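Peer 1: Input run_4.tsv, format and content: TSV, C-alpha atoms.
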```tsv
chain	number	residue	atom	x	y	z
A	1	MET	CA	13.21	-33.70	-72.51
A	2	GLU	CA	11.53	-36.26	-74.77
A	3	GLN	CA	12.26	-39.21	-72.53
A	4	SER	CA	11.21	-37.48	-69.31
A	5	GLU	CA	8.04	-36.20	-70.98
A	6	LYS	CA	6.95	-39.81	-71.52
A	7	SER	CA	7.64	-40.71	-67.89
A	8	LEU	CA	4.70	-38.64	-66.62
A	9	PRO	CA	1.41	-40.53	-66.60
A	10	GLU	CA	-1.05	-39.61	-69.33
A	11	THR	CA	-4.03	-40.81	-67.34
A	12	SER	CA	-4.66	-42.12	-63.86
A	13	ALA	CA	-7.48	-43.80	-62.01
A	14	ASP	CA	-7.01	-41.17	-59.35
A	15	ASP	CA	-8.04	-37.77	-60.68
A	16	GLY	CA	-5.90	-36.10	-58.01
A	17	LEU	CA	-2.76	-37.85	-59.25
A	18	ALA	CA	-3.58	-37.02	-62.85
A	19	ALA	CA	-3.96	-33.35	-61.92
A	20	ALA	CA	-0.72	-33.47	-59.92
A	21	ALA	CA	1.10	-34.96	-62.91
A	22	ASP	CA	-0.25	-32.16	-65.09
A	23	VAL	CA	0.96	-29.53	-62.61
A	24	ALA	CA	4.42	-31.14	-62.54
A	25	ARG	CA	4.53	-31.21	-66.33
A	26	ARG	CA	3.65	-27.53	-66.65
A	27	VAL	CA	6.29	-26.45	-64.12
A	28	ARG	CA	8.91	-28.62	-65.75
A	29	ASP	CA	8.10	-27.26	-69.21
A	30	ARG	CA	8.67	-23.67	-68.06
A	31	LEU	CA	11.94	-24.56	-66.33
A	32	SER	CA	13.19	-26.46	-69.36
A	33	ASP	CA	12.44	-23.47	-71.58
A	34	ALA	CA	14.61	-21.27	-69.37
A	35	ILE	CA	17.47	-23.70	-68.69
A	36	VAL	CA	19.27	-25.74	-71.35
A	37	GLY	CA	21.03	-29.03	-70.58
A	38	ARG	CA	19.82	-29.33	-66.98
A	39	ASP	CA	17.09	-31.98	-67.25
A	40	GLU	CA	18.18	-33.88	-64.14
A	41	VAL	CA	18.43	-30.71	-62.04
A	42	VAL	CA	15.03	-29.54	-63.28
A	43	GLU	CA	13.51	-32.86	-62.21
A	44	MET	CA	15.04	-32.49	-58.73
A	45	ILE	CA	13.57	-29.00	-58.40
A	46	VAL	CA	10.10	-30.19	-59.42
A	47	THR	CA	10.39	-33.14	-57.03
A	48	ALA	CA	11.26	-30.82	-54.15
A	49	LEU	CA	8.40	-28.48	-55.05
A	50	LEU	CA	5.89	-31.35	-54.91
A	51	ALA	CA	7.45	-32.64	-51.69
A	52	GLY	CA	7.36	-29.24	-49.96
A	53	GLY	CA	11.14	-29.19	-49.47
A	54	HIS	CA	13.98	-26.70	-49.96
A	55	VAL	CA	16.92	-27.08	-52.34
A	56	LEU	CA	20.58	-26.07	-52.11
A	57	LEU	CA	22.31	-25.65	-55.48
A	58	GLU	CA	26.10	-25.62	-55.57
A	59	ASP	CA	28.54	-24.77	-58.30
A	60	TYR	CA	30.83	-22.01	-59.45
A	61	PRO	CA	29.34	-18.65	-60.57
A	62	GLY	CA	27.81	-18.59	-64.02
A	63	SER	CA	26.40	-22.12	-64.09
A	64	GLY	CA	22.74	-21.08	-64.26
A	65	LYS	CA	21.74	-21.51	-60.59
A	66	THR	CA	20.10	-18.10	-60.27
A	67	MET	CA	18.33	-18.36	-63.63
A	68	LEU	CA	16.85	-21.71	-62.61
A	69	ALA	CA	15.47	-20.30	-59.36
A	70	ARG	CA	14.03	-17.28	-61.16
A	71	ALA	CA	12.34	-19.54	-63.69
A	72	LEU	CA	10.67	-21.49	-60.89
A	73	GLY	CA	9.38	-18.30	-59.30
A	74	ASP	CA	8.07	-17.17	-62.66
A	75	ALA	CA	6.20	-20.47	-63.09
A	76	VAL	CA	3.92	-19.66	-60.13
A	77	GLU	CA	0.94	-17.52	-61.01
A	78	ALA	CA	0.47	-14.40	-58.91
A	79	ASP	CA	-2.67	-14.16	-56.78
A	80	PRO	CA	-3.02	-10.77	-55.04
A	81	SER	CA	-5.70	-12.15	-52.70
A	82	ASP	CA	-3.30	-14.42	-50.83
A	83	GLY	CA	-1.03	-11.54	-49.77
A	84	PHE	CA	2.19	-13.12	-51.05
A	85	VAL	CA	4.21	-12.48	-54.18
A	86	PRO	CA	5.31	-15.50	-56.24
A	87	PHE	CA	9.06	-14.79	-56.10
A	88	ARG	CA	11.65	-12.81	-54.16
A	89	ARG	CA	15.42	-12.79	-54.49
A	90	ILE	CA	17.76	-12.12	-51.55
A	91	GLN	CA	21.38	-11.40	-52.43
A	92	PHE	CA	23.46	-12.58	-49.47
A	93	THR	CA	26.42	-10.29	-48.78
A	94	PRO	CA	28.77	-9.89	-45.80
A	95	ASP	CA	26.93	-6.75	-44.59
A	96	LEU	CA	23.43	-8.27	-44.70
A	97	LEU	CA	21.37	-8.16	-41.47
A	98	PRO	CA	18.76	-10.69	-40.25
A	99	SER	CA	16.06	-8.03	-40.48
A	100	ASP	CA	16.89	-7.62	-44.18
A	101	ILE	CA	15.47	-11.12	-44.60
A	102	THR	CA	12.64	-11.44	-42.10
A	103	GLY	CA	11.44	-7.84	-41.96
A	104	THR	CA	11.33	-5.29	-39.15
A	105	SER	CA	8.95	-3.28	-36.97
A	106	VAL	CA	8.71	0.42	-37.80
A	107	PHE	CA	7.41	3.00	-35.32
A	108	HIS	CA	4.77	5.46	-36.55
A	109	PRO	CA	4.78	8.57	-34.31
A	110	GLU	CA	1.40	9.77	-35.56
A	111	ARG	CA	-0.24	6.52	-34.42
A	112	ALA	CA	2.13	5.88	-31.52
A	113	SER	CA	2.40	2.25	-32.62
A	114	PHE	CA	4.69	-0.17	-34.41
A	115	GLU	CA	3.92	-1.69	-37.80
A	116	PHE	CA	5.59	-4.82	-39.11
A	117	LEU	CA	7.11	-4.44	-42.57
A	118	ALA	CA	7.49	-7.89	-44.09
A	119	GLY	CA	10.86	-8.83	-45.55
A	120	PRO	CA	11.53	-10.64	-48.82
A	121	VAL	CA	11.07	-14.04	-47.14
A	122	PHE	CA	7.31	-13.47	-47.42
A	123	ALA	CA	6.96	-15.04	-50.86
A	124	HIS	CA	6.06	-18.40	-52.38
A	125	ILE	CA	9.53	-19.02	-53.86
A	126	VAL	CA	12.54	-17.35	-52.24
A	127	LEU	CA	15.94	-17.35	-53.91
A	128	ALA	CA	18.72	-17.12	-51.31
A	129	ASP	CA	21.51	-16.22	-53.71
A	130	GLU	CA	25.07	-17.07	-52.63
A	131	ILE	CA	23.87	-17.98	-49.14
A	132	ASN	CA	27.38	-18.82	-47.94
A	133	ARG	CA	28.71	-15.31	-48.59
A	134	THR	CA	27.12	-13.96	-45.41
A	135	SER	CA	27.76	-14.63	-41.73
A	136	PRO	CA	26.24	-17.56	-39.81
A	137	LYS	CA	24.09	-15.09	-37.82
A	138	VAL	CA	22.32	-14.01	-40.99
A	139	GLN	CA	22.12	-17.56	-42.33
A	140	ALA	CA	20.34	-18.48	-39.10
A	141	ALA	CA	17.57	-15.98	-39.87
A	142	LEU	CA	16.25	-18.55	-42.34
A	143	LEU	CA	16.20	-21.47	-39.90
A	144	GLU	CA	12.76	-20.86	-38.39
A	145	ALA	CA	11.29	-19.94	-41.79
A	146	MET	CA	12.55	-23.11	-43.46
A	147	ALA	CA	11.59	-25.48	-40.65
A	148	GLU	CA	8.28	-24.02	-39.48
A	149	ARG	CA	7.17	-21.66	-42.25
A	150	GLN	CA	7.03	-18.70	-39.91
A	151	VAL	CA	9.26	-15.89	-38.65
A	152	THR	CA	9.38	-14.26	-35.23
A	153	VAL	CA	10.19	-10.56	-34.99
A	154	ASP	CA	9.99	-8.62	-31.71
A	155	ASN	CA	8.35	-11.64	-30.03
A	156	VAL	CA	5.55	-11.70	-32.58
A	157	THR	CA	5.20	-14.71	-34.89
A	158	HIS	CA	4.22	-14.09	-38.51
A	159	PRO	CA	3.16	-17.10	-40.62
A	160	LEU	CA	4.54	-17.69	-44.08
A	161	ASP	CA	2.55	-19.23	-46.88
A	162	GLU	CA	2.08	-23.00	-46.99
A	163	LEU	CA	3.72	-23.07	-50.42
A	164	PHE	CA	6.90	-21.38	-49.11
A	165	MET	CA	10.06	-22.83	-50.68
A	166	VAL	CA	13.70	-21.73	-50.53
A	167	ILE	CA	16.14	-22.30	-53.35
A	168	ALA	CA	19.58	-21.38	-52.08
A	169	THR	CA	22.69	-21.14	-54.21
A	170	GLN	CA	26.21	-21.39	-52.87
A	171	ASN	CA	29.70	-21.24	-54.28
A	172	PRO	CA	32.04	-24.09	-53.39
A	173	LEU	CA	33.90	-23.61	-50.11
A	174	GLY	CA	37.38	-22.26	-50.57
A	175	LEU	CA	36.34	-19.36	-52.78
A	176	ALA	CA	37.11	-15.97	-51.29
A	177	GLY	CA	34.47	-14.66	-48.91
A	178	THR	CA	32.55	-17.88	-48.24
A	179	TYR	CA	31.32	-19.20	-44.88
A	180	PRO	CA	30.45	-22.87	-44.33
A	181	LEU	CA	26.76	-23.51	-43.67
A	182	PRO	CA	26.23	-24.94	-40.16
A	183	ALA	CA	24.78	-28.43	-39.77
A	184	PRO	CA	21.32	-27.22	-38.61
A	185	GLN	CA	21.06	-25.07	-41.75
A	186	LEU	CA	22.08	-27.90	-44.07
A	187	ASP	CA	19.57	-30.21	-42.41
A	188	ARG	CA	16.73	-27.91	-43.53
A	189	PHE	CA	17.49	-28.59	-47.18
A	190	LEU	CA	15.72	-31.56	-48.72
A	191	PHE	CA	18.28	-31.83	-51.54
A	192	LYS	CA	21.75	-30.58	-52.19
A	193	VAL	CA	22.35	-30.59	-55.93
A	194	ARG	CA	25.66	-29.91	-57.61
A	195	MET	CA	25.28	-28.31	-61.05
A	196	ASP	CA	28.15	-29.68	-63.12
A	197	TYR	CA	29.16	-28.27	-66.48
A	198	ILE	CA	26.57	-28.94	-69.18
A	199	GLU	CA	27.30	-31.05	-72.25
A	200	ARG	CA	29.01	-29.54	-75.28
A	201	GLY	CA	25.88	-29.43	-77.46
A	202	ALA	CA	23.83	-27.71	-74.76
A	203	GLU	CA	26.62	-25.22	-74.12
A	204	LEU	CA	26.81	-24.41	-77.83
A	205	SER	CA	23.06	-23.78	-77.83
A	206	VAL	CA	23.37	-21.41	-74.86
A	207	VAL	CA	26.17	-19.40	-76.46
A	208	GLU	CA	24.48	-19.24	-79.87
A	209	SER	CA	21.26	-17.92	-78.33
A	210	PHE	CA	22.93	-15.44	-75.98
A	211	ARG	CA	21.21	-12.39	-77.51
A	212	ARG	CA	17.76	-13.89	-77.03
A	213	ARG	CA	18.64	-14.87	-73.47
A	214	LEU	CA	19.65	-11.31	-72.63
A	215	HIS	CA	16.02	-10.34	-73.27
A	216	PRO	CA	14.07	-13.59	-72.96
A	217	PRO	CA	10.55	-13.54	-74.43
A	218	VAL	CA	7.57	-14.06	-72.20
A	219	SER	CA	6.92	-17.80	-72.07
A	220	ASP	CA	3.66	-18.96	-73.60
A	221	ARG	CA	3.65	-22.02	-71.32
A	222	PRO	CA	0.84	-21.92	-68.75
A	223	ARG	CA	1.76	-21.02	-65.18
A	224	VAL	CA	0.52	-22.94	-62.17
A	225	ALA	CA	-1.57	-21.44	-59.38
A	226	ARG	CA	-0.75	-21.74	-55.70
A	227	ASN	CA	-3.85	-23.81	-55.00
A	228	GLU	CA	-2.96	-26.22	-57.81
A	229	LEU	CA	0.47	-26.81	-56.32
A	230	LEU	CA	-0.91	-27.37	-52.83
A	231	ALA	CA	-3.53	-29.77	-54.18
A	232	ALA	CA	-0.78	-31.63	-56.06
A	233	ARG	CA	1.23	-32.01	-52.86
A	234	ARG	CA	-1.78	-33.43	-51.02
A	235	ALA	CA	-2.57	-35.83	-53.86
A	236	VAL	CA	0.99	-37.17	-53.91
A	237	GLU	CA	1.03	-37.61	-50.15
A	238	ARG	CA	-2.36	-39.32	-50.11
A	239	SER	CA	-2.24	-41.50	-53.22
A	240	VAL	CA	1.37	-42.57	-53.87
A	241	VAL	CA	2.08	-45.69	-51.82
A	242	LEU	CA	5.25	-45.89	-49.73
A	243	ALA	CA	5.45	-49.51	-48.59
A	244	LYS	CA	6.86	-50.54	-45.21
A	245	PRO	CA	9.94	-52.33	-46.65
A	246	LEU	CA	11.02	-49.07	-48.25
A	247	ILE	CA	10.50	-47.15	-45.00
A	248	GLU	CA	12.64	-49.79	-43.29
A	249	CYS	CA	15.27	-49.27	-46.00
A	250	LEU	CA	15.39	-45.55	-45.20
A	251	VAL	CA	15.79	-46.16	-41.47
A	252	ASP	CA	18.40	-48.91	-41.93
A	253	THR	CA	20.41	-46.70	-44.28
A	254	ALA	CA	20.42	-43.95	-41.66
A	255	ARG	CA	21.55	-46.38	-38.98
A	256	ALA	CA	24.32	-47.70	-41.22
A	257	LEU	CA	25.55	-44.16	-41.78
A	258	ARG	CA	25.53	-43.42	-38.05
A	259	ALA	CA	27.55	-46.58	-37.36
A	260	ASP	CA	30.14	-45.87	-40.07
A	261	PRO	CA	33.51	-44.96	-38.48
A	262	ARG	CA	34.07	-42.35	-41.21
A	263	VAL	CA	30.98	-40.44	-40.01
A	264	ALA	CA	31.37	-38.16	-36.99
A	265	GLN	CA	27.68	-37.21	-36.79
A	266	GLY	CA	24.96	-39.13	-38.56
A	267	ILE	CA	21.81	-37.94	-40.30
A	268	SER	CA	18.76	-36.85	-38.33
A	269	THR	CA	15.32	-38.39	-38.07
A	270	ARG	CA	14.05	-35.22	-39.77
A	271	ALA	CA	16.00	-36.28	-42.87
A	272	LEU	CA	14.02	-39.52	-43.01
A	273	VAL	CA	10.70	-37.76	-42.52
A	274	GLN	CA	11.50	-35.34	-45.33
A	275	ALA	CA	12.66	-38.19	-47.57
A	276	ALA	CA	9.21	-39.82	-47.67
A	277	PRO	CA	7.35	-37.14	-49.69
A	278	ALA	CA	10.39	-36.71	-51.95
A	279	LEU	CA	10.28	-40.40	-52.86
A	280	GLN	CA	6.54	-40.17	-53.46
A	281	ALA	CA	7.00	-37.12	-55.69
A	282	ARG	CA	9.67	-38.83	-57.77
A	283	ALA	CA	7.43	-41.87	-58.20
A	284	LEU	CA	4.75	-39.58	-59.64
A	285	LEU	CA	7.26	-38.07	-62.08
A	286	ARG	CA	8.11	-41.61	-63.16
A	287	GLY	CA	4.45	-42.40	-63.87
A	288	ARG	CA	3.87	-44.60	-60.82
A	289	ASP	CA	1.46	-44.50	-57.89
A	290	TYR	CA	3.94	-46.35	-55.67
A	291	VAL	CA	7.53	-45.79	-54.54
A	292	SER	CA	10.08	-48.32	-55.81
A	293	THR	CA	13.65	-49.16	-54.84
A	294	GLU	CA	14.72	-47.27	-57.97
A	295	ASP	CA	13.47	-44.05	-56.37
A	296	LEU	CA	15.52	-44.75	-53.25
A	297	ASP	CA	18.59	-45.52	-55.31
A	298	ALA	CA	18.24	-42.29	-57.31
A	299	LEU	CA	17.55	-39.91	-54.42
A	300	ALA	CA	19.70	-41.28	-51.59
A	301	SER	CA	22.76	-39.17	-52.34
A	302	PRO	CA	21.06	-35.75	-52.81
A	303	LEU	CA	18.89	-36.53	-49.77
A	304	PHE	CA	21.61	-37.58	-47.33
A	305	ALA	CA	25.14	-36.69	-48.50
A	306	HIS	CA	24.97	-33.12	-47.14
A	307	ARG	CA	23.35	-34.03	-43.81
A	308	PHE	CA	26.16	-35.75	-41.90
A	309	ALA	CA	29.58	-34.65	-40.67
A	310	LEU	CA	32.66	-36.59	-41.70
A	311	ALA	CA	35.38	-37.69	-39.33
A	312	PRO	CA	38.87	-36.49	-40.29
A	313	GLY	CA	39.89	-38.20	-43.51
A	314	GLY	CA	36.37	-39.54	-43.98
A	315	GLY	CA	36.38	-39.35	-47.76
A	316	ASP	CA	33.58	-38.76	-50.25
A	317	PRO	CA	30.10	-38.36	-48.64
A	318	THR	CA	28.35	-39.62	-51.76
A	319	ALA	CA	30.38	-42.83	-51.80
A	320	ILE	CA	29.65	-43.36	-48.10
A	321	VAL	CA	25.91	-42.98	-48.73
A	322	ARG	CA	26.07	-45.49	-51.58
A	323	GLU	CA	27.82	-48.02	-49.36
A	324	ALA	CA	25.36	-47.54	-46.50
A	325	LEU	CA	22.42	-47.92	-48.89
A	326	ALA	CA	23.62	-51.11	-50.60
A	327	GLY	CA	22.60	-53.64	-47.93
A	328	PRO	CA	19.20	-52.15	-46.98
A	329	LEU	CA	18.36	-51.63	-50.65
A	330	GLU	CA	19.04	-55.27	-51.47
A	331	THR	CA	16.85	-56.36	-48.55
A	332	ALA	CA	14.03	-54.06	-49.66
A	333	THR	CA	14.29	-55.30	-53.25
A	334	ARG	CA	13.97	-58.92	-52.16
A	335	SER	CA	11.05	-58.08	-49.89
A	336	THR	CA	9.12	-56.23	-52.57
A	337	LEU	CA	9.76	-59.03	-55.08
A	338	ARG	CA	8.28	-61.55	-52.64
A	339	ARG	CA	5.21	-59.38	-52.32
```
Could you write out this structure as structure tokens?
Peer 2:
Amino acid sequence: MEQSEKSLPETSADDGLAAAADVARRVRDRLSDAIVGRDEVVEMIVTALLAGGHVLLEDYPGSGKTMLARALGDAVEADPSDGFVPFRRIQFTPDLLPSDITGTSVFHPERASFEFLAGPVFAHIVLADEINRTSPKVQAALLEAMAERQVTVDNVTHPLDELFMVIATQNPLGLAGTYPLPAPQLDRFLFKVRMDYIERGAELSVVESFRRRLHPPVSDRPRVARNELLAARRAVERSVVLAKPLIECLVDTARALRADPRVAQGISTRALVQAAPALQARALLRGRDYVSTEDLDALASPLFAHRFALAPGGGDPTAIVREALAGPLETATRSTLRR
């Protein structure tokens, strides 16, 4: 983490950006304490948190996906006055019902009225564990929550907290008992991140410290409050510059993907809208108050590769994104150099 520690700005002319950088550093420190050898994944999670987006983590069981999500929930300081808990975990199973996620109305005979009992989705950070082990009907229960930060039960709409974030984990398709996520569900995720095997040294460290990890000590790193996170999001949105040539690069990349014969259905405009705050957040983590082409180059694949459908024999989505990005990225680079 030494290199990434230096990438965050020490000071800033904008106090809001300096505070946002401090919030990002504190969250990242707690995640790095809990997860060994996952610096790049940790950075993606912090980027999504600052951008107000959701994350889909994919890999085989036992790769640390659930531990990472728990660590993020633990990094948020509880505030009983806001009515939400920092973290809830939902284990997706084939017999799960939509009401097990959103909540349900319970009738009280003594009052002759219904009372809404909130489900586990009413939290700041929600871990949807093994989301592709349940049916599409249950997966769809998260659609409204992820897109609009609200749930509707018995024709009554209940707002979720502004900080609401979903970290979903899924096993690769082909494993027994998995269901593919539908396109509308995938489009709600800002990033899809594959957690590959960690390096040998990091894996040795994990195995050697297995007893401590069975009963992890309480971290002495400071947590972050809900209001600090929301203020950090606003500061990033307001103060990190996203120049027009880079917006044009986003749009032109999307249009190149839609025109590619290997792509049956291209990415949505929503994907481009969600990409903007993600690029701004990554710029902050790199110590800048402006988005550069390097941010686009780094985030294009996790932003877009899961959001389009391939034609038969289409190939590798990541490679297709890289090809679609090449031309617009070169144009944007030349434009920004001229400026």
Peer 1: Would you list the contacts of Arg226 of chain A as a list in words, taking every protein, DNA or RNA residue within 8 Å and counting all atoms listed in the file, but skipping same-chain residues closer than 5 positions in sequence?
Peer 2: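 Here the answer would be Val76, Glu77, Asp79 and Leu163 of chain A.
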Peer 1: With only C-alpha atoms as the basis for distance, which of A:Ala235, A:Ala300, A:Leu56, A:Val23 is at the shortest distance from Gln185 of chain A?
Peer 2: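 Using only C-alpha atoms, the shortest distance to Gln185 of chain A belongs to A:Leu56.
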Peer 1: So which one's closest to Leu325 of chain A, A:Ala34, A:Phe304, A:Asp100, A:Phe164? Using only C-alpha atoms, please.
Peer 2: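 Between A:Ala34, A:Phe304, A:Asp100, A:Phe164, the residue approaching Leu325 of chain A most closely is A:Phe304.
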Peer 1: Could you name the residues that touch Pro136 of chain A at 12 Å or less, counting all atoms listed in the file, but leaving out those on the same chain fewer than 3 positions away, as a PyMOL selection string?
Peer 2: chain A and resi 92-98+131-133+139-143+178-186
Peer 1: Could you tell me which of A:Pro245, A:Pro317, A:Gly83, A:Gly266 comes closest to Lys192 of chain A if we count only C-alpha atoms?
Peer 2: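 Smallest separation from Lys192 of chain A among the options: A:Pro317.
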Peer 1: Gln150 of chain A: which residues within 10 Å, counting all atoms listed in the file, same-chain residues fewer than 4 positions away excluded, as a VMD selection string?
Peer 2: chain A and resid 102 121 to 122 142 to 146 157 to 162 164
Peer 1: Considering all atoms listed in the file, state which residue in the set A:Ala332, A:Leu257, A:Val206, A:Val106 is at the smallest distance from Asp33 of chain A.
Peer 2: A:Val206
Peer 1: For atom CA of Ser239 of chain A and atom CA of Ala24 of chain A, determine how far apart the two atoms are, in Å to one decimal place.
Peer 2: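 A separation of 15.4 Å between them.
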Peer 1: May I ask for the distance between atom CA of Phe87 of chain A and atom CA of Leu50 of chain A, given in Å to one decimal place?
Peer 2: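 Value for the atom CA of Phe87 of chain A-atom CA of Leu50 of chain A distance: 16.9 Å.
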Peer 1: Step by step: start from the point (9.6, -45.1, -47.3) in the file's coordinates, keep every protein, DNA or RNA residue that has an atom no farther than 9 Å from it, count only C-alpha atoms, and write the set as a PyMOL selection string.
Peer 2: chain A and resi 241-251+272-273+275-277+279-280+291+296
Peer 1: Those selected residues, please, written with C-alpha atoms and delivered as a short mmCIF file (atom, residue, chain, number, x, y, z; two decimals), in the coordinates of the input.
Peer 2:
```
data_model
loop_
_atom_site.label_atom_id
_atom_site.label_comp_id
_atom_site.auth_asym_id
_atom_site.auth_seq_id
_atom_site.Cartn_x
_atom_site.Cartn_y
_atom_site.Cartn_z
CA VAL A 241 2.08 -45.69 -51.82
CA LEU A 242 5.25 -45.89 -49.73
CA ALA A 243 5.45 -49.51 -48.59
CA LYS A 244 6.86 -50.54 -45.21
CA PRO A 245 9.94 -52.33 -46.65
CA LEU A 246 11.02 -49.07 -48.25
CA ILE A 247 10.50 -47.15 -45.00
CA GLU A 248 12.64 -49.79 -43.29
CA CYS A 249 15.27 -49.27 -46.00
CA LEU A 250 15.39 -45.55 -45.20
CA VAL A 251 15.79 -46.16 -41.47
CA LEU A 272 14.02 -39.52 -43.01
CA VAL A 273 10.70 -37.76 -42.52
CA ALA A 275 12.66 -38.19 -47.57
CA ALA A 276 9.21 -39.82 -47.67
CA PRO A 277 7.35 -37.14 -49.69
CA LEU A 279 10.28 -40.40 -52.86
CA GLN A 280 6.54 -40.17 -53.46
CA VAL A 291 7.53 -45.79 -54.54
CA LEU A 296 15.52 -44.75 -53.25
#
```
Peer 1: Which residue is closest to Leu31 of chain A? Choose from A:Leu68, A:Ala51, A:Ala281, A:Leu204 and count all atoms listed in the file.
Peer 2: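 Of A:Leu68, A:Ala51, A:Ala281, A:Leu204, the one nearest Leu31 of chain A is A:Leu68, counting all atoms listed in the file.
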Peer 1: Would you mind listing what lies within 7 Å of Ile90 of chain A as a list in words, with all atoms listed in the file counted and same-chain residues fewer than 2 positions away left out?
Peer 2: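 Returned residues: Arg88, Phe92, Pro120, Leu127, Ala128 and Asp129 of chain A.
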